[in-house]
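Input: a single structure, listed below in structure tokens.
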Protein chains: 2
Amino acid sequence: MKLVSVLDTLYLDPQHVAEIIRTRSLASCLAGMVDYIRADFLRWEEFDKCARVANHSEDGVIELMPIADDVSYAFKYVNGHPKNTRLGLSTVMAFGVLADVDTGAPRMLSELTLTTALRTAATSALAARTLARRDSRVMALIGNGAQSEFQALAFQHVVGIEEVRLYDVDEAATRKLVSNLADSGLRVTVCASTAEAVKGADIVTTVTADKTYATILTPEMIEPGMHINAVGGDCPGKTELHADILRRASVFVEYTPQTRVEGDIQQMPADFAVTELWEVLNGSRSGRHNADEVTVFDSVGFAMEDYSALRFMYDAAIALGLGERIALIPALADPKNLYSALTQPISRTADVDRIIAAAR
Amino acid sequence: MKLVSVLDTLYLDPQHVAEIIRTRSLASCLAGMVDYIRADFLRWEEFDKCARVANHSEDGVIELMPIADDVSYAFKYVNGHPKNTRLGLSTVMAFGVLADVDTGAPRMLSELTLTTALRTAATSALAARTLARRDSRVMALIGNGAQSEFQALAFQHVVGIEEVRLYDVDEAATRKLVSNLADSGLRVTVCASTAEAVKGADIVTTVTADKTYATILTPEMIEPGMHINAVGGDCPGKTELHADILRRASVFVEYTPQTRVEGDIQQMPADFAVTELWEVLNGSRSGRHNADEVTVFDSVGFAMEDYSALRFMYDAAIALGLGERIALIPALADPKNLYSALTQPISRTADVDRIIAAAR
């Protein structure tokens, strides 16, 4: 090893991730991500968890979402700026890092804008597979924006949904979704209102963008046995469900301390009863009790799901030989001689495993 | 603009940062960074501040340090793994991001291992220029590891130090420091003990690595009028100064809530009196009162200094035309059509300013 080299970090940009998804197929990636997320939920207590850290400004928020187990550390950077679309930018942009807990070395830097859409849909589908009636075939999809294709396809491939009933206040968004689902094999019905879309559905997914205390779903729309996948109410001041729906349903969440602040249950008292999804997955608490019960998955997105998604993309990229190598960190033959990085040429990218092997 | 493009982010790896430092000279970069840090301390109340977020494990810690003002957001990823040197890896590795508060778009991803060494030394020198006796010419430097060259040179160029008196329990570290300072113009004296190095010094810098409640400096070593720059005691369980030194001195800190947990004052009661450096810089509180007073800068490193350092490196890289462009974020002509990133070729890197200009 040269006196000064550089630790290499796998780097996945949006093109690499799109290529992984095209190569493996979106259906296979969604199913794979469901498996990774489920496996991590099953070892929930091994994770060092905390609520996200947010810096709020006039037009939006920038958040960091760190989490770790004994082996890997992950964090996601994600913003939320509703006015961005007027500037030609996305409302939500994200990237993240996967690192080794035992050394702190960053293993991978990856885009997480596309990846988050997959992980959110995979988590929703995992929750619905666990909580919805087994014979669910029809899903209402309220909100036809950036997340909607991923939700529709995850529910098709993981839950067995055959028909989606679409509604959005923005007709252009619905037209875009219809076009993108044209070859999916799903039966697609465009509806004139939320009530029309919801009527007769087995599962109702709300993934609307309005940053207000909105009431997308009202109690009279809800039929016995429905499962509600409430995705859009995901930050303080942003909700989608009428409180009476929550009162009458069984409510399931990812990580209670975060969902009480960010989820639809922010409307409810602090002692409002909820069940964490991992408890149902590992069998310690029950999910749906009967075919008439209304279940709600109050999803806000938790750091562990990004950890799972980063691991999935890391494994897929290594298996397919995709991605680039970048140098975030200087690696020094004498770690006490950082100054030498200024005076000596730095040799490019050294593999962390080779450095450790050479030191042993 | 294509339907799908990618936001470009300036990327600085350790080689780019080393090239900036070599091109501008280390002395000029240290002086420049002092100016950036001072300017940000002077508008302290404009920052949205929080303590760092840490994930602790058996062998170390991984931390995120976010901060923002109304214009820019920054965070640093940094680890601390004392056993890494046995593996051929650095104890501390860091990188970070500078982003726009009004859109959340990441402007720059940069290495921060080298940059942190400069910002820590620049902060120390700024504090000493503010708190030490004006006629300070001799500095004891206890701990001759990765940070020591940067401390010595920052004090030479910013504070006017002419002689450094070195001591480290590891003689090889001292030899490395002597060699690296050979052409600096500093008078360099190697000492046989901490007491010998400290005797007669105007400023005492402690930058030792031992992860314990160490007592590097004891009360009988301290002479009237000394300024102590205590850099190494920077996390819970890690201190360098005997508590009696703190009791008899005037103690200055960066951000009190963080220093009470991480700094040498973790040994003191929660109401132990300290002054924040920004208050002295803006004239609202006094620094040194007379030539006999002992002043202590209990430095732990605060996110705002990384914000300043990232801004400095960003401006320098733009001015010199250094760095690369990477694509962390897909930029969509229709932000509601994220799915199109899977089905259409992504055009490479678009400048965020051009995207915003095109949208207007």
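Labels used: A, B, ... for chains in the order of the structure tokens, numbers from 1 for residues in each chain, and numbers from 1 for ligands as shown.
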Might you pull out every residue within 10 Å of Leu114 of chain B, with only C-alpha atoms counted and same-chain residues fewer than 6 positions away left off, and present them as an mmCIF file with N, CA and C atoms, in the first residue's frame?
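Result file follows (around-v3.cif):
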data_model
loop_
_atom_site.group_PDB
_atom_site.id
_atom_site.type_symbol
_atom_site.label_atom_id
_atom_site.label_comp_id
_atom_site.auth_asym_id
_atom_site.auth_seq_id
_atom_site.Cartn_x
_atom_site.Cartn_y
_atom_site.Cartn_z
ATOM 1 N N ILE A 329 -12.752 9.198 1.460
ATOM 2 C CA ILE A 329 -11.928 9.127 2.663
ATOM 3 C C ILE A 329 -10.474 8.862 2.289
ATOM 4 N N PRO A 330 -9.525 9.647 2.799
ATOM 5 C CA PRO A 330 -8.128 9.269 2.594
ATOM 6 C C PRO A 330 -7.768 8.092 3.503
ATOM 7 N N LEU A 338 -1.718 12.481 8.850
ATOM 8 C CA LEU A 338 -2.706 13.055 7.932
ATOM 9 C C LEU A 338 -2.082 14.147 7.063
ATOM 10 N N TYR A 339 -1.138 14.885 7.651
ATOM 11 C CA TYR A 339 -0.468 15.975 6.942
ATOM 12 C C TYR A 339 0.175 15.492 5.645
ATOM 13 N N ALA A 341 -0.985 13.715 3.452
ATOM 14 C CA ALA A 341 -1.921 13.776 2.325
ATOM 15 C C ALA A 341 -1.778 15.084 1.548
ATOM 16 N N LEU A 342 -1.201 16.113 2.194
ATOM 17 C CA LEU A 342 -0.989 17.384 1.502
ATOM 18 C C LEU A 342 0.308 17.408 0.719
ATOM 19 N N ASP B 13 -13.142 15.203 -3.633
ATOM 20 C CA ASP B 13 -12.553 14.073 -2.910
ATOM 21 C C ASP B 13 -11.267 14.551 -2.216
ATOM 22 N N PRO B 14 -10.592 13.687 -1.468
ATOM 23 C CA PRO B 14 -9.404 14.154 -0.736
ATOM 24 C C PRO B 14 -8.324 14.725 -1.648
ATOM 25 N N GLN B 15 -8.235 14.200 -2.869
ATOM 26 C CA GLN B 15 -7.243 14.749 -3.797
ATOM 27 C C GLN B 15 -7.581 16.178 -4.202
ATOM 28 N N VAL B 17 -9.297 18.352 -2.448
ATOM 29 C CA VAL B 17 -9.080 19.238 -1.300
ATOM 30 C C VAL B 17 -7.581 19.455 -1.090
ATOM 31 N N ALA B 18 -6.789 18.377 -1.239
ATOM 32 C CA ALA B 18 -5.330 18.535 -1.113
ATOM 33 C C ALA B 18 -4.815 19.500 -2.178
ATOM 34 N N ILE B 21 -5.573 23.044 -1.228
ATOM 35 C CA ILE B 21 -4.679 23.502 -0.157
ATOM 36 C C ILE B 21 -3.272 23.774 -0.712
ATOM 37 N N MET B 93 -12.836 9.568 10.253
ATOM 38 C CA MET B 93 -13.054 9.749 8.816
ATOM 39 C C MET B 93 -14.319 10.591 8.666
ATOM 40 N N ALA B 94 -14.327 11.479 7.712
ATOM 41 C CA ALA B 94 -15.482 12.367 7.633
ATOM 42 C C ALA B 94 -15.760 12.802 6.205
ATOM 43 N N PHE B 95 -17.024 13.060 5.951
ATOM 44 C CA PHE B 95 -17.441 13.713 4.709
ATOM 45 C C PHE B 95 -18.708 14.505 5.028
ATOM 46 N N ALA B 146 -2.354 13.187 14.302
ATOM 47 C CA ALA B 146 -2.847 13.644 12.995
ATOM 48 C C ALA B 146 -3.189 15.125 12.967
ATOM 49 N N GLN B 147 -3.616 15.692 14.098
ATOM 50 C CA GLN B 147 -4.029 17.091 14.118
ATOM 51 C C GLN B 147 -2.871 18.059 14.340
ATOM 52 N N PHE B 150 -1.433 20.758 11.817
ATOM 53 C CA PHE B 150 -2.413 21.790 11.473
ATOM 54 C C PHE B 150 -2.539 22.808 12.609
#
**Message:** Using only C-alpha atoms and a distance of at most 6 Å, pull out the residues of chain B that contact chain A, as JSON, numbers by chain.
**Reply:** {"B": [13, 18, 79, 87, 88, 90, 104, 111, 145, 146, 327, 328, 335, 336, 337, 338, 342, 356, 359]}
**Request:** For each of A:Arg119, A:Arg129, A:Arg165, A:Arg43, take the minimum atom-to-atom distance to Asn229 of chain A, counting only C-alpha atoms, then give the residue where this is smallest.
**Result:**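 Counting only C-alpha atoms, the residue closest to Asn229 of chain A is A:Arg129.
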**Arg38 of chain B environment, 10 Å, only C-alpha atoms, sequence neighbours closer than 4 positions dropped, as a PyMOL selection string** = chain B and resi 32-34+42-44+122-123+126-127+277-278+281-282+305+308
Go ahead and write the residues just picked, N, CA, C and O atoms, as a CSV table (one decimal), in the first residue's frame.
chain,number,residue,atom,x,y,z
B,32,GLY,N,-8.0,31.9,5.6
B,32,GLY,CA,-9.3,32.1,5.0
B,32,GLY,C,-10.4,31.4,5.8
B,32,GLY,O,-11.5,31.9,6.0
B,33,MET,N,-10.1,30.2,6.3
B,33,MET,CA,-11.1,29.5,7.1
B,33,MET,C,-11.4,30.2,8.4
B,33,MET,O,-12.5,30.2,8.9
B,34,VAL,N,-10.3,30.8,9.0
B,34,VAL,CA,-10.5,31.6,10.2
B,34,VAL,C,-11.5,32.7,9.9
B,34,VAL,O,-12.5,33.0,10.7
B,42,LEU,N,-20.1,35.4,14.2
B,42,LEU,CA,-20.7,36.8,14.4
B,42,LEU,C,-22.2,36.8,14.1
B,42,LEU,O,-22.9,37.8,14.5
B,43,ARG,N,-22.7,35.8,13.4
B,43,ARG,CA,-24.2,35.8,13.1
B,43,ARG,C,-24.7,34.5,13.7
B,43,ARG,O,-25.6,33.9,13.2
B,44,TRP,N,-24.2,34.1,14.9
B,44,TRP,CA,-24.5,32.9,15.6
B,44,TRP,C,-26.0,32.7,15.7
B,44,TRP,O,-26.5,31.6,15.6
B,122,ALA,N,-8.2,26.0,12.7
B,122,ALA,CA,-8.6,27.4,12.4
B,122,ALA,C,-9.4,27.9,13.6
B,122,ALA,O,-9.3,29.1,14.0
B,123,THR,N,-10.3,27.1,14.1
B,123,THR,CA,-11.1,27.5,15.3
B,123,THR,C,-10.3,27.7,16.5
B,123,THR,O,-10.5,28.7,17.2
B,126,LEU,N,-8.4,31.0,16.0
B,126,LEU,CA,-9.4,32.1,16.2
B,126,LEU,C,-9.6,32.3,17.7
B,126,LEU,O,-9.6,33.5,18.2
B,127,ALA,N,-9.8,31.3,18.4
B,127,ALA,CA,-10.1,31.4,19.9
B,127,ALA,C,-8.9,32.0,20.6
B,127,ALA,O,-9.0,32.9,21.4
B,277,LEU,N,-17.8,31.5,22.8
B,277,LEU,CA,-16.8,32.3,22.0
B,277,LEU,C,-17.5,33.4,21.2
B,277,LEU,O,-16.9,34.5,21.1
B,278,TRP,N,-18.6,33.1,20.6
B,278,TRP,CA,-19.3,34.1,19.7
B,278,TRP,C,-19.6,35.4,20.5
B,278,TRP,O,-19.6,36.5,19.9
B,281,LEU,N,-16.5,37.4,20.5
B,281,LEU,CA,-16.2,37.9,19.2
B,281,LEU,C,-17.0,39.1,18.9
B,281,LEU,O,-16.6,40.0,18.2
B,282,ASN,N,-18.3,39.0,19.3
B,282,ASN,CA,-19.2,40.2,18.9
B,282,ASN,C,-19.2,41.3,20.0
B,282,ASN,O,-19.9,42.3,19.9
B,305,GLU,N,-18.8,25.1,12.5
B,305,GLU,CA,-17.5,25.2,11.9
B,305,GLU,C,-17.3,24.4,10.7
B,305,GLU,O,-16.6,24.8,9.7
B,308,SER,N,-19.0,26.4,7.9
B,308,SER,CA,-18.0,27.4,7.5
B,308,SER,C,-17.0,26.8,6.6
B,308,SER,O,-16.6,27.3,5.5
**Asked** Got a sec: who's within 8 Å of Arg311 of chain A, counting only C-alpha atoms, leaving out chain neighbours fewer than 3 positions off, as a list in words?
**Response**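 The contact residues come out as Tyr36, Leu98, Tyr307, Ser308, Tyr314 and Asp315 of chain A.
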Keeping only C-alpha atoms, write those residues as a compact mmCIF listing (two decimals), in the first residue's frame.
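Printed below is again-v1.txt as written:
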# COMPACT_ATOMS: atom_id res chain seq x y z
CA TYR A 36 -35.26 -7.37 3.11
CA LEU A 98 -24.39 2.58 4.20
CA TYR A 307 -31.42 0.72 5.80
CA SER A 308 -33.11 -2.35 4.25
CA TYR A 314 -25.87 -2.70 -2.38
CA ASP A 315 -26.28 -6.46 -2.79
**Request:** Might you pull out every residue within 6 Å of Thr215 of chain B, with only C-alpha atoms counted and same-chain residues fewer than 5 positions away left off, and present them as a PyMOL selection string?
**Result:** chain B and resi 240-242
Go ahead and save the picked residues with all heavy atoms, as a JSON list (two decimals), in the first residue's frame.
[["chain", "number", "residue", "atom", "x", "y", "z"],
["B", 240, "GLU", "N", -8.92, 15.93, 29.33],
["B", 240, "GLU", "CA", -7.46, 16.14, 29.36],
["B", 240, "GLU", "C", -7.00, 17.01, 30.54],
["B", 240, "GLU", "O", -5.83, 16.97, 30.89],
["B", 240, "GLU", "CB", -7.00, 16.84, 28.05],
["B", 240, "GLU", "CG", -7.24, 16.01, 26.80],
["B", 240, "GLU", "CD", -6.73, 16.71, 25.54],
["B", 240, "GLU", "OE1", -6.96, 17.94, 25.41],
["B", 240, "GLU", "OE2", -6.12, 16.04, 24.69],
["B", 241, "LEU", "N", -7.91, 17.81, 31.09],
["B", 241, "LEU", "CA", -7.50, 18.78, 32.11],
["B", 241, "LEU", "C", -7.95, 18.36, 33.51],
["B", 241, "LEU", "O", -9.08, 17.90, 33.70],
["B", 241, "LEU", "CB", -8.12, 20.16, 31.80],
["B", 241, "LEU", "CG", -7.90, 20.74, 30.40],
["B", 241, "LEU", "CD1", -8.41, 22.18, 30.37],
["B", 241, "LEU", "CD2", -6.44, 20.69, 30.00],
["B", 242, "HIS", "N", -7.08, 18.57, 34.48],
["B", 242, "HIS", "CA", -7.47, 18.40, 35.88],
["B", 242, "HIS", "C", -8.56, 19.42, 36.22],
["B", 242, "HIS", "O", -8.49, 20.59, 35.80],
["B", 242, "HIS", "CB", -6.24, 18.62, 36.76],
["B", 242, "HIS", "CG", -6.45, 18.24, 38.19],
["B", 242, "HIS", "ND1", -7.25, 18.98, 39.05],
["B", 242, "HIS", "CD2", -5.97, 17.20, 38.93],
["B", 242, "HIS", "CE1", -7.25, 18.41, 40.25],
["B", 242, "HIS", "NE2", -6.48, 17.32, 40.20]]
**Asked** Any idea what's packed within 6 Å of segment 255-266 of chain A, counting only C-alpha atoms, ignoring anything in its chain fewer than 3 positions away? Could you give it as a ChimeraX atom specification?
**Response** /A:51,233-236,239,300
**Asked** Between B:Asp183, B:Glu254, B:Asp8, B:Asp35, which is the closest to Ala309 of chain B once you count only C-alpha atoms?
**Response** B:Asp35
